[in-house]
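Participant: My structure file work_6.cif, mmCIF, C-alpha atoms and all ligand atoms, is below:
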data_data
#
loop_
_atom_site.label_atom_id
_atom_site.label_comp_id
_atom_site.auth_asym_id
_atom_site.auth_seq_id
_atom_site.Cartn_x
_atom_site.Cartn_y
_atom_site.Cartn_z
CA MET A 64 164.64 6.04 -37.74
CA LYS A 65 164.52 8.46 -40.69
CA ILE A 66 161.04 8.30 -42.17
CA PHE A 67 160.00 10.06 -45.38
CA VAL A 68 156.24 10.35 -45.95
CA ILE A 69 155.05 11.29 -49.45
CA GLY A 70 151.54 12.79 -49.72
CA ALA A 71 150.18 15.33 -47.23
CA GLY A 72 146.46 14.58 -47.27
CA ALA A 73 144.57 13.54 -44.14
CA TRP A 74 146.16 10.12 -43.67
CA GLY A 75 149.73 10.88 -44.78
CA THR A 76 149.77 13.84 -42.40
CA ALA A 77 148.23 11.95 -39.47
CA ILE A 78 150.66 9.05 -39.78
CA ALA A 79 153.63 11.42 -40.10
CA MET A 80 152.46 13.27 -36.96
CA SER A 81 152.09 10.00 -35.13
CA ALA A 82 155.62 8.78 -36.00
CA ALA A 83 157.16 12.20 -35.25
CA GLY A 84 155.54 12.29 -31.81
CA ASN A 85 156.46 8.69 -31.06
CA ARG A 86 158.76 7.90 -28.13
CA ALA A 87 159.90 11.50 -27.49
CA GLY A 88 161.21 12.15 -30.97
CA ALA A 89 162.91 8.78 -31.53
CA HIS A 90 162.26 9.19 -35.27
CA SER A 91 163.12 11.98 -37.65
CA VAL A 92 160.07 12.43 -39.88
CA THR A 93 159.77 14.48 -43.08
CA LEU A 94 156.40 14.98 -44.77
CA TRP A 95 156.42 15.83 -48.49
CA ALA A 96 153.54 17.76 -50.10
CA ARG A 97 153.34 18.20 -53.86
CA ASP A 98 152.03 21.76 -53.49
CA ALA A 99 154.97 23.99 -52.42
CA ALA A 100 152.76 26.77 -51.03
CA GLN A 101 150.77 24.29 -48.97
CA ALA A 102 153.98 22.71 -47.63
CA GLN A 103 155.34 26.10 -46.60
CA HIS A 104 152.07 27.03 -44.94
CA MET A 105 151.95 23.75 -42.99
CA GLN A 106 155.59 24.10 -41.90
CA GLN A 107 154.87 27.57 -40.51
CA ALA A 108 151.36 27.03 -39.13
CA ARG A 109 152.34 23.61 -37.62
CA ALA A 110 149.02 22.21 -38.80
CA ASN A 111 147.31 20.91 -41.94
CA ALA A 112 144.24 23.13 -41.99
CA ARG A 113 143.07 21.85 -45.38
CA TYR A 114 142.87 18.15 -44.43
CA LEU A 115 143.12 17.82 -40.62
CA ARG A 116 141.56 20.79 -38.94
CA GLY A 117 142.51 21.35 -35.30
CA ALA A 118 145.45 18.93 -35.00
CA VAL A 119 148.83 20.49 -34.06
CA PHE A 120 152.09 19.04 -35.42
CA PRO A 121 154.77 17.71 -33.07
CA ASP A 122 157.72 20.17 -33.03
CA SER A 123 160.06 17.78 -34.81
CA LEU A 124 157.85 17.13 -37.88
CA GLU A 125 159.34 18.79 -40.96
CA VAL A 126 157.20 19.57 -44.01
CA VAL A 127 158.89 19.95 -47.40
CA SER A 128 158.11 20.08 -51.11
CA GLY A 129 160.08 19.99 -54.39
CA HIS A 130 163.01 17.65 -55.14
CA ILE A 131 162.86 14.36 -53.31
CA ALA A 132 166.27 12.83 -54.19
CA GLN A 133 168.08 13.75 -50.95
CA HIS A 134 165.14 12.78 -48.71
CA VAL A 135 164.85 9.43 -50.48
CA ALA A 136 168.59 8.78 -50.21
CA ASP A 137 168.57 9.56 -46.45
CA ALA A 138 165.40 7.65 -45.62
CA GLU A 139 165.34 4.32 -43.77
CA LEU A 140 161.60 3.98 -44.48
CA ILE A 141 159.54 5.60 -47.25
CA VAL A 142 155.77 5.85 -46.78
CA LEU A 143 153.44 6.57 -49.70
CA GLY A 144 150.41 8.43 -48.35
CA THR A 145 148.77 9.22 -51.69
CA PRO A 146 145.48 7.85 -53.03
CA MET A 147 145.62 4.58 -55.00
CA ALA A 148 145.47 6.54 -58.28
CA ALA A 149 148.97 7.96 -57.68
CA LEU A 150 150.59 4.75 -56.42
CA ARG A 151 151.83 3.41 -59.76
CA GLU A 152 153.62 6.63 -60.79
CA TRP A 153 155.35 6.83 -57.40
CA LEU A 154 156.44 3.19 -57.42
CA VAL A 155 157.92 3.70 -60.89
CA GLN A 156 159.83 6.71 -59.59
CA LEU A 157 161.04 4.88 -56.46
CA ALA A 158 161.75 1.53 -58.12
CA ASP A 159 165.50 1.58 -57.40
CA VAL A 160 165.60 3.02 -53.88
CA GLN A 161 167.38 1.16 -51.07
CA ALA A 162 164.91 1.82 -48.28
CA PRO A 163 161.71 -0.21 -47.93
CA VAL A 164 158.66 1.48 -49.46
CA VAL A 165 155.24 1.02 -47.87
CA TRP A 166 151.86 2.43 -48.82
CA LEU A 167 148.77 3.54 -46.94
CA CYS A 168 146.25 3.54 -49.79
CA LYS A 169 143.27 1.17 -49.77
CA GLY A 170 141.93 0.19 -53.13
CA PHE A 171 142.22 -1.68 -56.39
CA GLU A 172 143.45 0.26 -59.40
CA ALA A 173 140.65 1.77 -61.44
CA VAL A 174 140.50 0.59 -65.05
CA PRO A 175 140.09 3.59 -67.38
CA ALA A 176 136.99 3.55 -69.56
CA ASN A 177 139.19 3.46 -72.69
CA ALA A 178 141.31 0.51 -71.50
CA PRO A 179 141.55 -2.47 -73.88
CA ALA A 180 139.00 -5.23 -73.33
CA GLY A 181 140.15 -7.67 -70.68
CA ALA A 182 142.31 -5.14 -68.80
CA VAL A 183 142.15 -5.78 -65.05
CA GLY A 184 142.97 -3.39 -62.23
CA LEU A 185 145.58 -4.48 -59.71
CA MET A 186 146.04 -4.41 -55.96
CA ALA A 187 148.90 -2.23 -54.70
CA HIS A 188 151.32 -5.11 -54.10
CA GLU A 189 150.58 -6.41 -57.61
CA VAL A 190 151.39 -2.99 -59.07
CA CYS A 191 154.64 -3.03 -57.10
CA ARG A 192 155.52 -6.52 -58.36
CA GLN A 193 154.91 -5.27 -61.91
CA VAL A 194 156.83 -1.97 -61.87
CA ALA A 195 159.30 -2.27 -58.97
CA PRO A 196 159.82 -5.99 -58.29
CA GLN A 197 163.06 -5.58 -56.36
CA LEU A 198 161.60 -3.11 -53.86
CA ARG A 199 161.15 -4.33 -50.28
CA ASN A 200 157.54 -3.30 -49.73
CA GLY A 201 154.50 -3.50 -47.50
CA VAL A 202 151.24 -1.90 -46.47
CA LEU A 203 149.95 -0.27 -43.30
CA SER A 204 146.20 -0.78 -43.00
CA GLY A 205 143.36 -1.30 -40.52
CA PRO A 206 140.55 0.66 -38.85
CA SER A 207 141.91 4.19 -38.50
CA PHE A 208 140.22 7.49 -39.18
CA ALA A 209 143.00 10.03 -39.74
CA ASP A 210 141.29 12.58 -37.50
CA GLU A 211 141.38 10.26 -34.49
CA VAL A 212 145.01 9.20 -35.06
CA ALA A 213 146.03 12.86 -35.34
CA ARG A 214 144.36 13.43 -31.95
CA GLN A 215 146.23 10.44 -30.51
CA GLN A 216 143.05 8.49 -29.83
CA PRO A 217 143.69 4.74 -29.33
CA THR A 218 143.98 2.88 -32.64
CA ALA A 219 145.21 -0.52 -33.84
CA LEU A 220 146.75 -1.12 -37.28
CA VAL A 221 148.16 -4.00 -39.31
CA ALA A 222 151.59 -3.92 -40.97
CA ALA A 223 151.55 -6.47 -43.77
CA SER A 224 154.46 -7.52 -45.90
CA ALA A 225 155.87 -10.59 -47.58
CA HIS A 226 159.23 -9.43 -46.13
CA ALA A 227 159.21 -10.04 -42.36
CA GLU A 228 161.82 -7.33 -41.76
CA VAL A 229 159.59 -4.70 -43.43
CA ALA A 230 156.64 -5.53 -41.16
CA GLU A 231 159.04 -5.32 -38.18
CA LEU A 232 160.33 -1.94 -39.38
CA LEU A 233 156.76 -0.66 -39.62
CA VAL A 234 156.07 -1.80 -36.06
CA ALA A 235 159.26 -0.06 -34.88
CA ALA A 236 158.30 3.13 -36.72
CA PHE A 237 154.67 3.46 -35.68
CA HIS A 238 153.91 1.34 -32.60
CA SER A 239 153.31 3.65 -29.62
CA ASP A 240 151.23 4.09 -26.47
CA THR A 241 148.23 5.13 -28.55
CA LEU A 242 148.84 3.24 -31.80
CA ARG A 243 149.23 -0.55 -31.68
CA VAL A 244 150.72 -2.08 -34.82
CA TYR A 245 150.33 -5.82 -35.45
CA ALA A 246 152.53 -7.55 -38.04
CA ASN A 247 150.83 -9.82 -40.61
CA SER A 248 152.34 -11.72 -43.53
CA ASP A 249 149.08 -11.94 -45.53
CA ILE A 250 149.40 -8.87 -47.74
CA VAL A 251 146.72 -10.17 -50.15
CA GLY A 252 144.14 -10.50 -47.38
CA VAL A 253 145.02 -7.15 -45.84
CA GLU A 254 144.74 -5.36 -49.19
CA VAL A 255 141.49 -7.07 -50.20
CA GLY A 256 139.95 -6.13 -46.83
CA GLY A 257 141.06 -2.49 -47.10
CA ALA A 258 139.71 -2.14 -50.63
CA VAL A 259 136.41 -4.02 -50.38
CA LYS A 260 135.29 -2.42 -47.11
CA ASN A 261 135.21 0.94 -48.94
CA VAL A 262 132.74 -0.42 -51.48
CA LEU A 263 130.63 -1.96 -48.71
CA ALA A 264 130.63 1.33 -46.76
CA ILE A 265 129.00 3.02 -49.76
CA ALA A 266 126.25 0.38 -49.49
CA THR A 267 125.71 0.85 -45.74
CA GLY A 268 125.73 4.65 -46.14
CA LEU A 269 123.03 4.26 -48.75
CA CYS A 270 121.05 1.91 -46.51
CA ASP A 271 121.25 4.31 -43.55
CA GLY A 272 120.53 7.33 -45.75
CA LEU A 273 117.36 5.63 -46.95
CA GLN A 274 116.52 4.91 -43.27
CA LEU A 275 116.09 1.21 -43.90
CA GLY A 276 117.01 0.41 -40.31
CA LEU A 277 119.67 -1.23 -38.18
CA ASN A 278 118.66 -4.78 -39.16
CA ALA A 279 119.38 -4.01 -42.79
CA ARG A 280 122.73 -2.45 -41.93
CA ALA A 281 123.79 -5.49 -39.89
CA ALA A 282 122.75 -7.74 -42.78
CA LEU A 283 124.83 -5.70 -45.25
CA ILE A 284 127.90 -5.78 -43.01
CA THR A 285 127.64 -9.52 -42.40
CA ARG A 286 126.93 -10.48 -46.00
CA GLY A 287 129.55 -7.95 -47.08
CA LEU A 288 132.13 -9.66 -44.91
CA ALA A 289 131.17 -12.96 -46.58
CA GLU A 290 131.73 -11.56 -50.07
CA MET A 291 134.99 -9.87 -49.06
CA THR A 292 136.21 -13.20 -47.66
CA ARG A 293 135.14 -15.15 -50.78
CA LEU A 294 137.06 -12.80 -53.06
CA GLY A 295 140.09 -12.76 -50.77
CA MET A 296 140.26 -16.55 -50.59
CA ALA A 297 139.96 -16.83 -54.36
CA LEU A 298 142.88 -14.38 -54.67
CA GLY A 299 145.01 -16.46 -52.29
CA ALA A 300 144.39 -14.73 -48.93
CA LYS A 301 144.05 -16.52 -45.59
CA PRO A 302 140.41 -16.60 -44.42
CA GLN A 303 141.33 -15.63 -40.84
CA THR A 304 142.72 -12.29 -42.04
CA PHE A 305 139.13 -11.18 -42.72
CA MET A 306 138.22 -11.66 -39.05
CA GLY A 307 141.06 -9.30 -38.11
CA LEU A 308 141.69 -5.54 -38.07
CA SER A 309 141.96 -5.04 -41.82
CA GLY A 310 138.82 -7.12 -42.50
CA LEU A 311 135.99 -7.07 -39.97
CA GLY A 312 137.65 -4.26 -37.99
CA ASP A 313 137.92 -1.80 -40.87
CA LEU A 314 134.56 -2.87 -42.29
CA VAL A 315 132.75 -2.11 -39.02
CA LEU A 316 134.55 1.23 -38.65
CA THR A 317 133.97 2.43 -42.19
CA ALA A 318 130.47 1.06 -42.64
CA THR A 319 129.17 2.61 -39.40
CA GLY A 320 131.46 5.58 -38.63
CA ASP A 321 130.26 8.95 -39.84
CA LEU A 322 133.86 10.11 -40.38
CA SER A 323 134.04 7.74 -43.36
CA ARG A 324 134.09 9.40 -46.77
CA ASN A 325 132.88 6.21 -48.48
CA ARG A 326 129.91 5.94 -46.12
CA LYS A 327 129.24 9.63 -46.81
CA VAL A 328 129.02 8.93 -50.55
CA GLY A 329 126.23 6.43 -49.86
CA LEU A 330 124.45 8.86 -47.51
CA LEU A 331 124.63 11.64 -50.11
CA LEU A 332 123.41 9.41 -52.95
CA ALA A 333 120.45 8.46 -50.76
CA LYS A 334 119.68 12.17 -50.40
CA GLY A 335 119.41 12.45 -54.17
CA MET A 336 122.83 13.91 -55.04
CA THR A 337 124.50 12.75 -58.23
CA LEU A 338 127.73 10.79 -57.85
CA GLU A 339 129.67 13.78 -59.16
CA GLN A 340 128.09 16.12 -56.62
CA ALA A 341 128.70 13.64 -53.79
CA VAL A 342 132.38 13.16 -54.71
CA GLN A 343 132.90 16.93 -55.15
CA SER A 344 131.40 17.72 -51.77
CA LEU A 345 133.83 15.45 -49.87
CA GLY A 346 137.06 17.36 -50.47
CA HIS A 347 138.87 14.03 -49.90
CA VAL A 348 139.25 10.83 -51.84
CA ALA A 349 136.59 8.06 -51.44
CA GLU A 350 138.43 5.06 -52.86
CA GLY A 351 135.36 2.81 -53.08
CA VAL A 352 134.03 4.92 -55.95
CA TYR A 353 137.13 4.11 -58.05
CA SER A 354 137.72 0.52 -56.86
CA ALA A 355 134.20 -0.90 -57.08
CA ARG A 356 134.28 -1.82 -60.78
CA THR A 357 137.70 -3.43 -60.47
CA VAL A 358 136.66 -5.42 -57.41
CA LEU A 359 133.67 -6.73 -59.34
CA ALA A 360 135.70 -7.45 -62.48
CA ARG A 361 138.29 -9.41 -60.47
CA ALA A 362 135.48 -11.35 -58.76
CA GLN A 363 133.82 -12.19 -62.07
CA LEU A 364 137.11 -13.45 -63.51
CA LEU A 365 137.33 -15.84 -60.55
CA ASP A 366 133.63 -16.79 -60.59
CA VAL A 367 133.10 -15.25 -57.16
CA GLU A 368 129.64 -13.94 -56.34
CA MET A 369 129.62 -10.39 -54.90
CA PRO A 370 126.00 -9.21 -55.01
CA ILE A 371 126.46 -6.14 -52.77
CA THR A 372 129.47 -4.96 -54.77
CA GLU A 373 127.53 -5.59 -57.99
CA THR A 374 124.67 -3.46 -56.73
CA VAL A 375 127.06 -0.65 -55.75
CA VAL A 376 128.58 -0.75 -59.24
CA ASP A 377 125.12 -0.60 -60.84
CA LEU A 378 124.35 2.39 -58.64
CA LEU A 379 127.63 4.21 -59.38
CA ASP A 380 127.18 3.57 -63.11
CA GLY A 381 123.62 4.90 -62.98
CA ARG A 382 121.94 1.62 -63.96
CA ILE A 383 119.76 1.61 -60.83
CA ALA A 384 118.37 4.37 -58.65
CA ALA A 385 119.48 4.76 -55.02
CA SER A 386 115.97 3.93 -53.84
CA ASP A 387 116.03 0.58 -55.69
CA ALA A 388 119.51 -0.58 -54.73
CA VAL A 389 118.81 -2.27 -51.41
CA ARG A 390 115.53 -3.73 -52.74
CA ALA A 391 117.59 -5.33 -55.53
CA LEU A 392 119.55 -7.17 -52.84
CA MET A 393 116.55 -8.16 -50.73
CA THR A 394 114.68 -9.68 -53.66
CA ARG A 395 117.44 -12.13 -54.58
CA GLU A 396 116.65 -15.84 -54.52
CA PRO A 397 116.82 -17.44 -51.04
CA ARG A 398 120.00 -19.40 -50.33
CA GLU A 399 121.79 -21.12 -47.44
CA GLU A 400 124.12 -19.30 -45.07
CA GLU A 401 127.36 -21.28 -45.06
CA GLY A 402 129.68 -19.64 -42.55
CA ALA A 403 131.66 -16.45 -43.09
CA ALA A 404 132.42 -17.04 -46.75
CA GLY A 405 129.11 -18.72 -47.64
N1 LIG B 501 141.76 9.48 -44.22
C1 LIG B 501 141.75 8.33 -43.55
O1 LIG B 501 141.20 8.27 -42.44
C2 LIG B 501 142.42 7.13 -44.10
C3 LIG B 501 142.79 7.03 -45.44
N2 LIG B 501 143.37 5.90 -45.92
C4 LIG B 501 143.76 5.77 -47.31
O2 LIG B 501 144.89 6.61 -47.55
C5 LIG B 501 144.86 7.09 -48.89
C6 LIG B 501 144.95 8.61 -48.87
O3 LIG B 501 143.79 9.07 -48.20
P1 LIG B 501 143.65 10.52 -47.55
O4 LIG B 501 144.94 11.01 -47.05
O5 LIG B 501 142.54 10.44 -46.61
O6 LIG B 501 143.22 11.36 -48.83
P2 LIG B 501 142.97 12.92 -48.94
O7 LIG B 501 141.95 13.12 -49.98
O8 LIG B 501 142.76 13.53 -47.59
O9 LIG B 501 144.37 13.47 -49.48
C7 LIG B 501 145.00 12.96 -50.62
C8 LIG B 501 146.35 13.66 -50.73
O10 LIG B 501 147.11 13.02 -51.74
C9 LIG B 501 147.74 14.05 -52.49
N3 LIG B 501 148.05 13.52 -53.81
C10 LIG B 501 147.18 13.15 -54.78
N4 LIG B 501 147.89 12.73 -55.86
C11 LIG B 501 149.19 12.84 -55.53
C12 LIG B 501 150.39 12.57 -56.23
N5 LIG B 501 150.39 12.12 -57.48
N6 LIG B 501 151.56 12.80 -55.58
C13 LIG B 501 151.58 13.27 -54.31
N7 LIG B 501 150.48 13.56 -53.62
C14 LIG B 501 149.30 13.34 -54.22
C15 LIG B 501 146.72 15.17 -52.52
O11 LIG B 501 147.35 16.39 -52.86
C16 LIG B 501 146.24 15.14 -51.07
O12 LIG B 501 147.13 15.88 -50.27
C17 LIG B 501 143.55 6.57 -49.51
O13 LIG B 501 143.83 5.44 -50.26
C18 LIG B 501 142.70 6.21 -48.30
O14 LIG B 501 141.80 5.16 -48.59
C19 LIG B 501 143.65 4.85 -45.10
C20 LIG B 501 143.34 4.90 -43.77
C21 LIG B 501 142.70 6.03 -43.17
O1 LIG B 502 140.11 3.69 -44.29
C1 LIG B 502 139.55 4.40 -43.50
C2 LIG B 502 139.40 4.03 -42.09
O2 LIG B 502 140.14 2.89 -41.77
C3 LIG B 502 138.94 5.66 -43.93
O3 LIG B 502 137.75 5.38 -44.56
P1 LIG B 502 137.14 6.42 -45.61
O4 LIG B 502 138.15 6.52 -46.73
O5 LIG B 502 135.84 5.88 -46.00
O6 LIG B 502 137.04 7.73 -44.88
#
Go ahead and render the structure in this file as structure tokens.
Ligand SMILES: NC(=O)C1=CN([C@@H]2O[C@H](COP(=O)(O)OP(=O)(O)OC[C@H]3O[C@@H](n4cnc5c(N)ncnc54)[C@H](O)[C@@H]3O)[C@@H](O)[C@H]2O)C=CC1
Ligand SMILES: O=C(CO)COP(=O)(O)O
Facilitator:
Amino acid sequence: MKIFVIGAGAWGTAIAMSAAGNRAGAHSVTLWARDAAQAQHMQQARANARYLRGAVFPDSLEVVSGHIAQHVADAELIVLGTPMAALREWLVQLADVQAPVVWLCKGFEAVPANAPAGAVGLMAHEVCRQVAPQLRNGVLSGPSFADEVARQQPTALVAASAHAEVAELLVAAFHSDTLRVYANSDIVGVEVGGAVKNVLAIATGLCDGLQLGLNARAALITRGLAEMTRLGMALGAKPQTFMGLSGLGDLVLTATGDLSRNRKVGLLLAKGMTLEQAVQSLGHVAEGVYSARTVLARAQLLDVEMPITETVVDLLDGRIAASDAVRALMTREPREEEGAAG
């Protein structure tokens, strides 16, 4: 299969490496970087030193930059490996292509501060429906630190699409001895899980950074899963999706794994850094910082309670101090626990 991956950050590169090394070169994989000098350097050095230190490219992986027309025309599968913020512009550009287009980003669109009142941020598949409705599309998600995938450590992902043949194509492209890919038709659930777990990982990073203990972290993860599920169900997702890889699986990974950039934001805020300093120090995108307000706004529109997300938004917007954030949650009124989404 000819696979064209756009965006050469940590995850775009790792997934391109994985497909290129799959089944003894069964696929022809081209990775596109927007920075020509960086692309040339990666092609020669056979590594992405900026984003994935220490991982060596399979021989067949080709890294390019510049015009995309020929690569797009040749491709049987196009993978967008950019952050959520770049998704819309790429979908506009690719709106008429023949090949299926799938994305790797996890988030809800950020709403700019100067947006008109009532503007809501969208999930990736909603953006696609708006700007490229005829595109066959899907998402690859699930618990997967790029570093570990690049080192071929065992990983399981979800390929979600409303088009069954796109999910099947994703399985054919990426399933391997070290990377299991499960098809799923619930794209809403998979995208809500991938976006909300980032916001929740900021909260658990904060909790751990403040050394509030393992009990508190388990409580945040469990109650976080409940609020993720509530929002997802209100948006039309299947509840069981949240017990799967892109829900509970990615939440556990990101909320507890120190490779997570979102968790790191929470840890750094607990240390007293400003949000700007924390984001600057990562050198990578932490999508939860940009999605949190949209997640909360979408929840409020649907009358869904998301107290942990609300606290993270208050923290990111500077309305509460890091040291007060978890206390704000613990001092809420008592209520009944009513199953996963209660
Ligand atoms: N790193 C990881 O372990 C995983 C990341 N993801 C998701 O994948 C997405 C990308 O994350 P990372 O690769 O980790 O980010 P990163 O911060 O490592 O790299 C982002 C890359 O996107 C490029 N980029 C930014 N705007 C662009 C544009 N307009 N056109 C083309 N390229 C552009 C940047 O130059 C950079 O190479 C995020 O939504 C993230 O949540 C999902 C699963 C795992
Ligand atoms: O999505 C991820 C793992 O599945 C990566 O999480 P971070 O963006 O927090 O590093």
Participant: Under the rule that only C-alpha atoms and all ligand atoms are counted, which of A:Leu232, A:Met369, A:Leu314, A:Ala282 is the nearest residue to ligand LIG 502 (chain B)?
Facilitator: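 Closest residue, counting only C-alpha atoms and all ligand atoms: A:Leu314.
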Participant: What do you get as a list in words if you pick all residues at most 6 Å from ligand LIG 501 (chain B), counting only C-alpha atoms and all ligand atoms?
Facilitator: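 The neighbouring residues of ligand LIG 501 (chain B) are, in order, Gly70, Ala71, Gly72, Ala73, Trp74, Gly75, Arg97, Tyr114, Gly144, Thr145, Pro146, Met147, Ala149, Leu167, Cys168, Lys169, Ser207, Phe208, Ala209, His347, Val348 and Glu350 of chain A.
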Participant: Just the residues within 10 Å of Thr241 of chain A, please, counting only C-alpha atoms, with nothing from its chain fewer than 4 positions along; format it as a PDB file with C-alpha atoms, keeping the file's coordinate frame.
Facilitator:
ATOM      1  CA  SER A  81     152.090  10.000 -35.130  1.00  0.00           C
ATOM      2  CA  ASN A  85     156.460   8.690 -31.060  1.00  0.00           C
ATOM      3  CA  VAL A 212     145.010   9.200 -35.060  1.00  0.00           C
ATOM      4  CA  ARG A 214     144.360  13.430 -31.950  1.00  0.00           C
ATOM      5  CA  GLN A 215     146.230  10.440 -30.510  1.00  0.00           C
ATOM      6  CA  GLN A 216     143.050   8.490 -29.830  1.00  0.00           C
ATOM      7  CA  PRO A 217     143.690   4.740 -29.330  1.00  0.00           C
ATOM      8  CA  THR A 218     143.980   2.880 -32.640  1.00  0.00           C
ATOM      9  CA  ALA A 219     145.210  -0.520 -33.840  1.00  0.00           C
ATOM     10  CA  PHE A 237     154.670   3.460 -35.680  1.00  0.00           C
TER      11      PHE A 237
END
Participant: How would you report the residues lying within 7 Å of ligand LIG 502 (chain B), as a list in words, if you count all atoms listed in the file?
Facilitator: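 Sorted by chain and then by number, the residues are Lys169, Gly205, Pro206, Ser207, Phe208, Gly257, Asn261, Ala264, Asp313, Leu316, Thr317, Leu322, Ser323, Arg324, Asn325, Arg326, Val348, Ala349 and Glu350 of chain A.
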Participant: What's the separation between atom CA of Val315 of chain A and atom CA of Ile284 of chain A, in Å to one decimal place?
Facilitator: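 Separating atom CA of Val315 of chain A from atom CA of Ile284 of chain A is a distance of 7.3 Å.
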Participant: With distances taken over only C-alpha atoms, which residue among A:Val375, A:Val92, A:Leu124, A:Ile250 lies nearest Gly299 of chain A?
Facilitator: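 Using only C-alpha atoms, Gly299 of chain A sits closest to A:Ile250.
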Participant: Kindly give the distance, in Å, that separates atom CA of Ala385 of chain A and atom CA of Gln274 of chain A, rounded to a single decimal.
Facilitator: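 Taking atom CA of Ala385 of chain A as the start and atom CA of Gln274 of chain A as the end point, the length is 12.1 Å.
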Participant: Neighbouring residues of segment 99-101 of chain A were defined as those with any atom within 9 Å, considering only C-alpha atoms; residues of the same chain fewer than 3 positions away were excluded. Please report them as a count of residues only.
Facilitator: 9
Participant: Skipping near chain neighbours, those fewer than 2 positions away, what residues fall within 8 Å of Val135 of chain A using all atoms listed in the file, listed as a list of chain:residue names?
Facilitator: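 What passes the distance filter is A:Phe67, A:Ile131, A:Ala132, A:Gln133, A:Asp137, A:Ala138, A:Ile141, A:Val160, A:Ala162.
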Participant: Looking at all atoms listed in the file, which of A:Ala213, A:Leu154, A:Gly181, A:Gly88 is the one that sits closest to Ala110 of chain A?
Facilitator: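 Between A:Ala213, A:Leu154, A:Gly181, A:Gly88, the residue approaching Ala110 of chain A most closely is A:Ala213.
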Participant: Just the number, please: distance in Å from atom CA of Ser354 of chain A to atom CA of Lys260 of chain A, one decimal.
Facilitator: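 Distance between the two atoms: 10.5 Å.
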Participant: Show which residues sit within 12 Å of Gly335 of chain A, as a PDB file with C-alpha atoms, in the coordinates of the input. Count only C-alpha atoms, and ignore same-chain residues fewer than 4 positions away.
Facilitator:
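The result, stored in out_31.pdb:
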ATOM      1  CA  LEU A 269     123.030   4.260 -48.750  1.00  0.00           C
ATOM      2  CA  GLY A 272     120.530   7.330 -45.750  1.00  0.00           C
ATOM      3  CA  LEU A 273     117.360   5.630 -46.950  1.00  0.00           C
ATOM      4  CA  VAL A 328     129.020   8.930 -50.550  1.00  0.00           C
ATOM      5  CA  GLY A 329     126.230   6.430 -49.860  1.00  0.00           C
ATOM      6  CA  LEU A 330     124.450   8.860 -47.510  1.00  0.00           C
ATOM      7  CA  LEU A 331     124.630  11.640 -50.110  1.00  0.00           C
ATOM      8  CA  GLU A 339     129.670  13.780 -59.160  1.00  0.00           C
ATOM      9  CA  GLN A 340     128.090  16.120 -56.620  1.00  0.00           C
ATOM     10  CA  ALA A 341     128.700  13.640 -53.790  1.00  0.00           C
ATOM     11  CA  ALA A 384     118.370   4.370 -58.650  1.00  0.00           C
ATOM     12  CA  ALA A 385     119.480   4.760 -55.020  1.00  0.00           C
ATOM     13  CA  SER A 386     115.970   3.930 -53.840  1.00  0.00           C
TER      14      SER A 386
END
Participant: Name all residues at most 9 Å from His90 of chain A (count all atoms listed in the file; drop same-chain ones fewer than 6 positions away) and give them as a short mmCIF file (atom, residue, chain, number, x, y, z; two decimals) with C-alpha atoms, keeping the file's coordinate frame.
Facilitator:
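Produced file out.cif, reproduced below:
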data_model
loop_
_atom_site.label_atom_id
_atom_site.label_comp_id
_atom_site.auth_asym_id
_atom_site.auth_seq_id
_atom_site.Cartn_x
_atom_site.Cartn_y
_atom_site.Cartn_z
CA MET A 64 164.64 6.04 -37.74
CA LYS A 65 164.52 8.46 -40.69
CA ILE A 66 161.04 8.30 -42.17
CA ALA A 82 155.62 8.78 -36.00
CA ALA A 83 157.16 12.20 -35.25
CA GLY A 84 155.54 12.29 -31.81
CA SER A 123 160.06 17.78 -34.81
CA ALA A 236 158.30 3.13 -36.72
#
Participant: In terms of the shortest atom-to-atom distance over all atoms listed in the file, which of A:Leu203, A:Ala360, A:Val251, A:Val221 is closest to Met186 of chain A?
Facilitator: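 The closest residue to Met186 of chain A is A:Val251.
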Participant: Can you build me a table of segment 142-167 of chain A residues sitting at most 10 Å from segment 196-200 of chain A, with the closest atom pair per residue and its distance in Å to one decimal, using only C-alpha atoms, sorted by chain and residue number, as CSV?
Facilitator:
residue,atom,partner,partner_atom,distance
A:Val142,CA,A:Asn200,CA,9.8
A:Leu154,CA,A:Leu198,CA,8.9
A:Leu157,CA,A:Leu198,CA,8.4
A:Ala158,CA,A:Leu198,CA,6.3
A:Asp159,CA,A:Leu198,CA,7.1
A:Val160,CA,A:Leu198,CA,7.3
A:Gln161,CA,A:Leu198,CA,7.7
A:Ala162,CA,A:Arg199,CA,7.5
A:Pro163,CA,A:Arg199,CA,4.8
A:Val164,CA,A:Asn200,CA,4.9
A:Val165,CA,A:Asn200,CA,5.2
A:Trp166,CA,A:Asn200,CA,8.1
